[in-house]
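Visitor: Shown below is the structure under consideration.
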Amino acid sequence: MNAQTERLEVQGPVGRIEVLRDAPAIGVEPRGTAVIAHPHPLFGGTMDNKVVQTLARAFVQCGWQAVRFNFRGVGATQGVHDEGRGETDDFLAVVAECAPAGALALAGFSFGSFVMSRALGYLWPARQIEKLAFIGAAASRFELARVSSDLHGRTLVVHGEHDDTVPLAAVMDWARPQVLPVTVVPGGGHFFHGQLPLLRSLVQRHLTAVV
């Protein structure tokens with residue numbers, strides 16, 4: 001958290017959702033809002049995960065406000081784990097409350113990428129999605145939704161070469177039929193230990209690219 005971080009509460013389908021919103025520097029009008037989803041709640045995933053924080057930092061440094069939140073049953077968020085179904089509803093509730101209009105970006109790490117892909121199906125094409133980021137996408141553990149070809153140029157997929165939680169091959173199997181490019185971090189693991197600055201740089205490069 002930093003001086004520009006706000007702690008919020010959003011009313012979700014089963015009660016309170018705990019939210020953190022990071023804003024750009026004072027006086028900077030945000031380019032839009034990025035909603036970021038955290039890894040699996042049953043394995044210690046929270047909105048304070050280091051990869052999630054890295055994503056939020058990358059968005060903020062590129063002029064976006066970044067919204068991250070705890071899924072149901074995590075921290076002060078009410079409810080119990082629902083294997084992605086209820087978590088998708090949580091994601092959509094946060095979007096509706098924190099990003100009801102304007103430019104929207106979606107990002108997710110691991111389980112969060114699965115939930116984000118499900119939420120994307122409800123949001124697109126009714127909402128204009130400016131940027132997507134799948135980090136450590138949990139393709140071997142969940143059925144990730146396909147990304148519309150119209151969004152491929154706005155989509156970043158980053159995966160560690162040596163990810164032993166979600167094998168790179170599973171992500172390639174998901175991406176191949178879509179002809180969706182995957183950025184591979186050499187030697188990288190699931191949590192990108194020692195490579196978070198590189199991950200932040202890759203995300204920032206994607207955010208500043210002209211589509």
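Letters A, B, ... mark the chains of the structure tokens in the order given; residue numbers begin at 1 per chain; ligand numbers begin at 1, in order shown.
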Determine which residues of stretch 93-122 of chain A receive a DSSP assignment of alpha helix (DSSP H), computed from the backbone, and state them as a PyMOL selection string.
Guide: chain A and resi 93-98+111-122
Visitor: Limited to all heavy atoms, could you put the picked residues into a file as a short mmCIF file (atom, residue, chain, number, x, y, z; two decimals), in the first residue's frame?
Guide:
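File out_34.cif, as written:
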```cif
data_model
loop_
_atom_site.label_atom_id
_atom_site.label_comp_id
_atom_site.auth_asym_id
_atom_site.auth_seq_id
_atom_site.Cartn_x
_atom_site.Cartn_y
_atom_site.Cartn_z
N ALA A 93 -19.24 -7.55 -9.48
CA ALA A 93 -19.74 -6.56 -8.53
C ALA A 93 -18.72 -5.45 -8.31
O ALA A 93 -19.08 -4.27 -8.21
CB ALA A 93 -20.08 -7.24 -7.20
N VAL A 94 -17.44 -5.82 -8.25
CA VAL A 94 -16.39 -4.82 -8.07
C VAL A 94 -16.30 -3.92 -9.30
O VAL A 94 -16.16 -2.70 -9.19
CB VAL A 94 -15.04 -5.51 -7.77
CG1 VAL A 94 -13.89 -4.49 -7.80
CG2 VAL A 94 -15.09 -6.20 -6.41
N VAL A 95 -16.38 -4.52 -10.49
CA VAL A 95 -16.38 -3.71 -11.71
C VAL A 95 -17.55 -2.74 -11.71
O VAL A 95 -17.39 -1.54 -12.00
CB VAL A 95 -16.43 -4.60 -12.97
CG1 VAL A 95 -16.66 -3.75 -14.22
CG2 VAL A 95 -15.15 -5.41 -13.11
N ALA A 96 -18.74 -3.22 -11.38
CA ALA A 96 -19.93 -2.38 -11.40
C ALA A 96 -19.82 -1.21 -10.43
O ALA A 96 -20.28 -0.10 -10.72
CB ALA A 96 -21.17 -3.22 -11.07
N GLU A 97 -19.19 -1.44 -9.27
CA GLU A 97 -19.10 -0.41 -8.26
C GLU A 97 -17.90 0.53 -8.48
O GLU A 97 -18.02 1.74 -8.32
CB GLU A 97 -18.99 -1.05 -6.87
CG GLU A 97 -18.86 -0.06 -5.72
CD GLU A 97 -20.14 0.75 -5.49
OE1 GLU A 97 -21.22 0.27 -5.87
OE2 GLU A 97 -20.04 1.85 -4.93
N CYS A 98 -16.77 -0.04 -8.85
CA CYS A 98 -15.52 0.75 -8.91
C CYS A 98 -15.16 1.21 -10.31
O CYS A 98 -14.31 2.10 -10.46
CB CYS A 98 -14.36 -0.08 -8.35
SG CYS A 98 -14.56 -0.54 -6.62
N PHE A 111 -5.44 -18.59 -10.30
CA PHE A 111 -6.89 -18.75 -10.19
C PHE A 111 -7.61 -17.47 -10.60
O PHE A 111 -8.68 -17.51 -11.22
CB PHE A 111 -7.25 -19.12 -8.74
CG PHE A 111 -8.71 -19.14 -8.41
CD1 PHE A 111 -9.50 -20.23 -8.74
CD2 PHE A 111 -9.29 -18.07 -7.74
CE1 PHE A 111 -10.86 -20.25 -8.42
CE2 PHE A 111 -10.64 -18.08 -7.42
CZ PHE A 111 -11.43 -19.17 -7.75
N GLY A 112 -7.02 -16.33 -10.28
CA GLY A 112 -7.62 -15.05 -10.64
C GLY A 112 -7.76 -14.87 -12.13
O GLY A 112 -8.69 -14.21 -12.60
N SER A 113 -6.85 -15.48 -12.91
CA SER A 113 -6.96 -15.38 -14.37
C SER A 113 -8.16 -16.17 -14.88
O SER A 113 -8.81 -15.79 -15.85
CB SER A 113 -5.67 -15.87 -15.03
OG SER A 113 -5.48 -17.26 -14.85
N PHE A 114 -8.44 -17.30 -14.22
CA PHE A 114 -9.61 -18.10 -14.56
C PHE A 114 -10.89 -17.31 -14.30
O PHE A 114 -11.78 -17.21 -15.15
CB PHE A 114 -9.59 -19.40 -13.75
CG PHE A 114 -10.90 -20.11 -13.65
CD1 PHE A 114 -11.57 -20.55 -14.79
CD2 PHE A 114 -11.48 -20.36 -12.41
CE1 PHE A 114 -12.78 -21.24 -14.70
CE2 PHE A 114 -12.69 -21.03 -12.30
CZ PHE A 114 -13.34 -21.47 -13.46
N VAL A 115 -10.98 -16.70 -13.12
CA VAL A 115 -12.16 -15.90 -12.77
C VAL A 115 -12.28 -14.71 -13.72
O VAL A 115 -13.38 -14.39 -14.20
CB VAL A 115 -12.07 -15.44 -11.31
CG1 VAL A 115 -13.22 -14.49 -10.99
CG2 VAL A 115 -12.08 -16.63 -10.36
N MET A 116 -11.16 -14.07 -14.01
CA MET A 116 -11.18 -12.93 -14.92
C MET A 116 -11.67 -13.33 -16.29
O MET A 116 -12.44 -12.60 -16.94
CB MET A 116 -9.78 -12.32 -14.99
CG MET A 116 -9.69 -11.07 -15.85
SD MET A 116 -9.04 -11.42 -17.50
CE MET A 116 -7.29 -11.58 -17.15
N SER A 117 -11.26 -14.51 -16.77
CA SER A 117 -11.70 -14.96 -18.10
C SER A 117 -13.21 -15.18 -18.12
O SER A 117 -13.87 -14.92 -19.13
CB SER A 117 -10.96 -16.24 -18.51
OG SER A 117 -11.46 -17.40 -17.86
N ARG A 118 -13.76 -15.67 -17.00
CA ARG A 118 -15.21 -15.86 -16.91
C ARG A 118 -15.93 -14.51 -16.88
O ARG A 118 -16.94 -14.31 -17.57
CB ARG A 118 -15.56 -16.67 -15.66
CG ARG A 118 -15.22 -18.14 -15.73
CD ARG A 118 -15.46 -18.84 -14.38
NE ARG A 118 -16.76 -18.55 -13.83
CZ ARG A 118 -17.87 -19.28 -14.07
NH1 ARG A 118 -17.79 -20.34 -14.85
NH2 ARG A 118 -19.02 -18.96 -13.52
N ALA A 119 -15.41 -13.58 -16.12
CA ALA A 119 -16.01 -12.25 -16.04
C ALA A 119 -15.97 -11.55 -17.39
O ALA A 119 -16.91 -10.83 -17.76
CB ALA A 119 -15.29 -11.41 -14.98
N LEU A 120 -14.89 -11.77 -18.11
CA LEU A 120 -14.75 -11.16 -19.43
C LEU A 120 -15.91 -11.55 -20.34
O LEU A 120 -16.40 -10.73 -21.12
CB LEU A 120 -13.41 -11.58 -20.05
CG LEU A 120 -13.14 -11.11 -21.48
CD1 LEU A 120 -13.08 -9.59 -21.55
CD2 LEU A 120 -11.82 -11.73 -21.98
N GLY A 121 -16.36 -12.79 -20.21
CA GLY A 121 -17.47 -13.26 -21.03
C GLY A 121 -18.75 -12.48 -20.81
O GLY A 121 -19.58 -12.35 -21.72
N TYR A 122 -18.92 -11.96 -19.59
CA TYR A 122 -20.11 -11.16 -19.28
C TYR A 122 -19.92 -9.69 -19.67
O TYR A 122 -20.90 -9.00 -20.00
CB TYR A 122 -20.41 -11.23 -17.78
CG TYR A 122 -20.88 -12.58 -17.31
CD1 TYR A 122 -19.97 -13.49 -16.77
CD2 TYR A 122 -22.22 -12.95 -17.42
CE1 TYR A 122 -20.41 -14.74 -16.34
CE2 TYR A 122 -22.65 -14.20 -16.98
CZ TYR A 122 -21.74 -15.09 -16.44
OH TYR A 122 -22.16 -16.34 -16.02
#
```
Visitor: Show which residues sit within 10 Å of A:Glu83, as a count of residues only. Count only C-alpha atoms, and ignore same-chain residues fewer than 4 positions away.
Guide: 8
Visitor: Considering only C-alpha atoms, return as JSON, numbers by chain whatever protein or nucleic-acid residues lie within 10 Å of A:Thr208, sequence-local ones (same chain, fewer than 5 positions apart) excluded.
Guide: {"A": [59, 62, 63, 203]}
Visitor: Got time to write the residues from that selection, N, CA, C and O atoms, as a tab-separated table (two decimals), in the first residue's frame?
Guide:
```tsv
chain	number	residue	atom	x	y	z
A	59	PHE	N	0.17	-0.95	-13.29
A	59	PHE	CA	-0.95	-0.15	-13.81
A	59	PHE	C	-0.87	1.29	-13.31
A	59	PHE	O	-1.05	2.24	-14.09
A	62	CYS	N	1.58	3.43	-14.96
A	62	CYS	CA	1.20	3.76	-16.34
A	62	CYS	C	-0.05	4.63	-16.38
A	62	CYS	O	-0.66	4.81	-17.45
A	63	GLY	N	-0.45	5.17	-15.22
A	63	GLY	CA	-1.52	6.15	-15.20
A	63	GLY	C	-2.91	5.62	-14.94
A	63	GLY	O	-3.89	6.37	-15.03
A	203	VAL	N	4.49	-5.93	-18.17
A	203	VAL	CA	3.13	-5.40	-18.10
A	203	VAL	C	3.11	-3.93	-18.52
A	203	VAL	O	2.23	-3.50	-19.28
```
Visitor: Near stretch 16-29 of chain A, within 10 Å and counting only C-alpha atoms, which residues show up once chain neighbours fewer than 6 positions away are dropped, as a short mmCIF file (atom, residue, chain, number, x, y, z; two decimals) with C-alpha atoms, in the first residue's frame?
Guide:
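Result file follows (result07.cif):
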```
data_model
loop_
_atom_site.label_atom_id
_atom_site.label_comp_id
_atom_site.auth_asym_id
_atom_site.auth_seq_id
_atom_site.Cartn_x
_atom_site.Cartn_y
_atom_site.Cartn_z
CA MET A 1 0.00 0.00 0.00
CA ASN A 2 1.05 3.61 -0.53
CA ALA A 3 -0.19 7.10 0.27
CA GLN A 4 -2.63 6.92 -2.62
CA THR A 5 -4.21 3.62 -1.51
CA GLU A 6 -7.83 3.63 -0.35
CA ARG A 7 -9.48 0.82 1.57
CA LEU A 8 -13.07 0.36 0.41
CA GLU A 9 -16.02 -1.94 0.90
CA VAL A 10 -18.26 -3.04 -1.97
CA VAL A 35 -9.55 -4.65 -11.81
CA MET A 47 -5.18 -9.24 -2.78
CA ASP A 48 -1.84 -8.66 -0.99
CA GLN A 53 0.77 -6.00 -5.95
CA ALA A 56 -1.26 -2.96 -9.39
CA ARG A 57 2.03 -1.07 -9.31
CA PHE A 59 -0.95 -0.15 -13.81
CA VAL A 60 -0.57 2.81 -11.45
CA GLN A 61 2.82 3.74 -12.90
CA CYS A 62 1.20 3.76 -16.34
CA GLY A 63 -1.52 6.15 -15.20
CA TRP A 64 -4.34 3.75 -14.31
CA GLN A 65 -6.12 3.39 -11.00
CA ALA A 66 -5.77 -0.20 -9.84
CA VAL A 67 -8.49 -2.03 -7.92
CA ARG A 68 -7.73 -5.32 -6.19
CA PHE A 69 -10.07 -7.17 -3.88
CA ASN A 70 -10.38 -10.26 -1.72
CA PHE A 71 -12.60 -13.04 -3.01
CA ARG A 72 -15.37 -14.37 -0.78
CA GLY A 73 -14.09 -15.99 2.39
CA VAL A 74 -10.76 -14.14 2.29
CA GLY A 75 -9.86 -11.40 4.78
CA ALA A 76 -12.88 -9.24 5.55
CA THR A 77 -14.83 -10.38 2.47
CA GLN A 78 -17.95 -12.29 3.42
CA GLY A 79 -19.06 -15.65 2.03
CA ASP A 90 -17.67 -10.89 -6.91
CA PHE A 91 -15.46 -9.69 -9.78
CA ALA A 93 -19.74 -6.56 -8.53
CA VAL A 94 -16.39 -4.82 -8.07
CA CYS A 98 -15.52 0.75 -8.91
#
```
Visitor: Counting only C-alpha atoms, which of A:His190, A:Lys50, A:Arg146, A:His206 gets nearest to A:Asp163?
Guide: A:His190
Visitor: Using only C-alpha atoms, can you tell me which of A:Thr54, A:Ser110, A:Thr183, A:Gln11 comes closest to A:Arg200?
Guide: A:Thr54
Visitor: Using only C-alpha atoms, which of A:Pro186, A:Gly108, A:Pro125, A:Pro197 sits nearest A:Thr155?
Guide: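 Of all the options, A:Gly108 lies closest to A:Thr155.
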Visitor: Residues of stretch 15-201 of chain A classed as strand (DSSP E or B) by DSSP on the backbone are to be reported as number ranges by chain.
Guide: A: 15-22, 33-37, 65-69, 104-109, 129-135, 155-160, 183-185
Visitor: Which value, in Å to one decimal, gives the distance between atom CA of A:His38 and atom CA of A:His81?
Guide: 13.1 Å
Visitor: Neighbours of A:Asp164 within 12 Å (only C-alpha atoms; same-chain residues fewer than 5 positions away dropped), as a PyMOL selection string?
Guide: chain A and resi 136+138+140+159+169-170+187-192
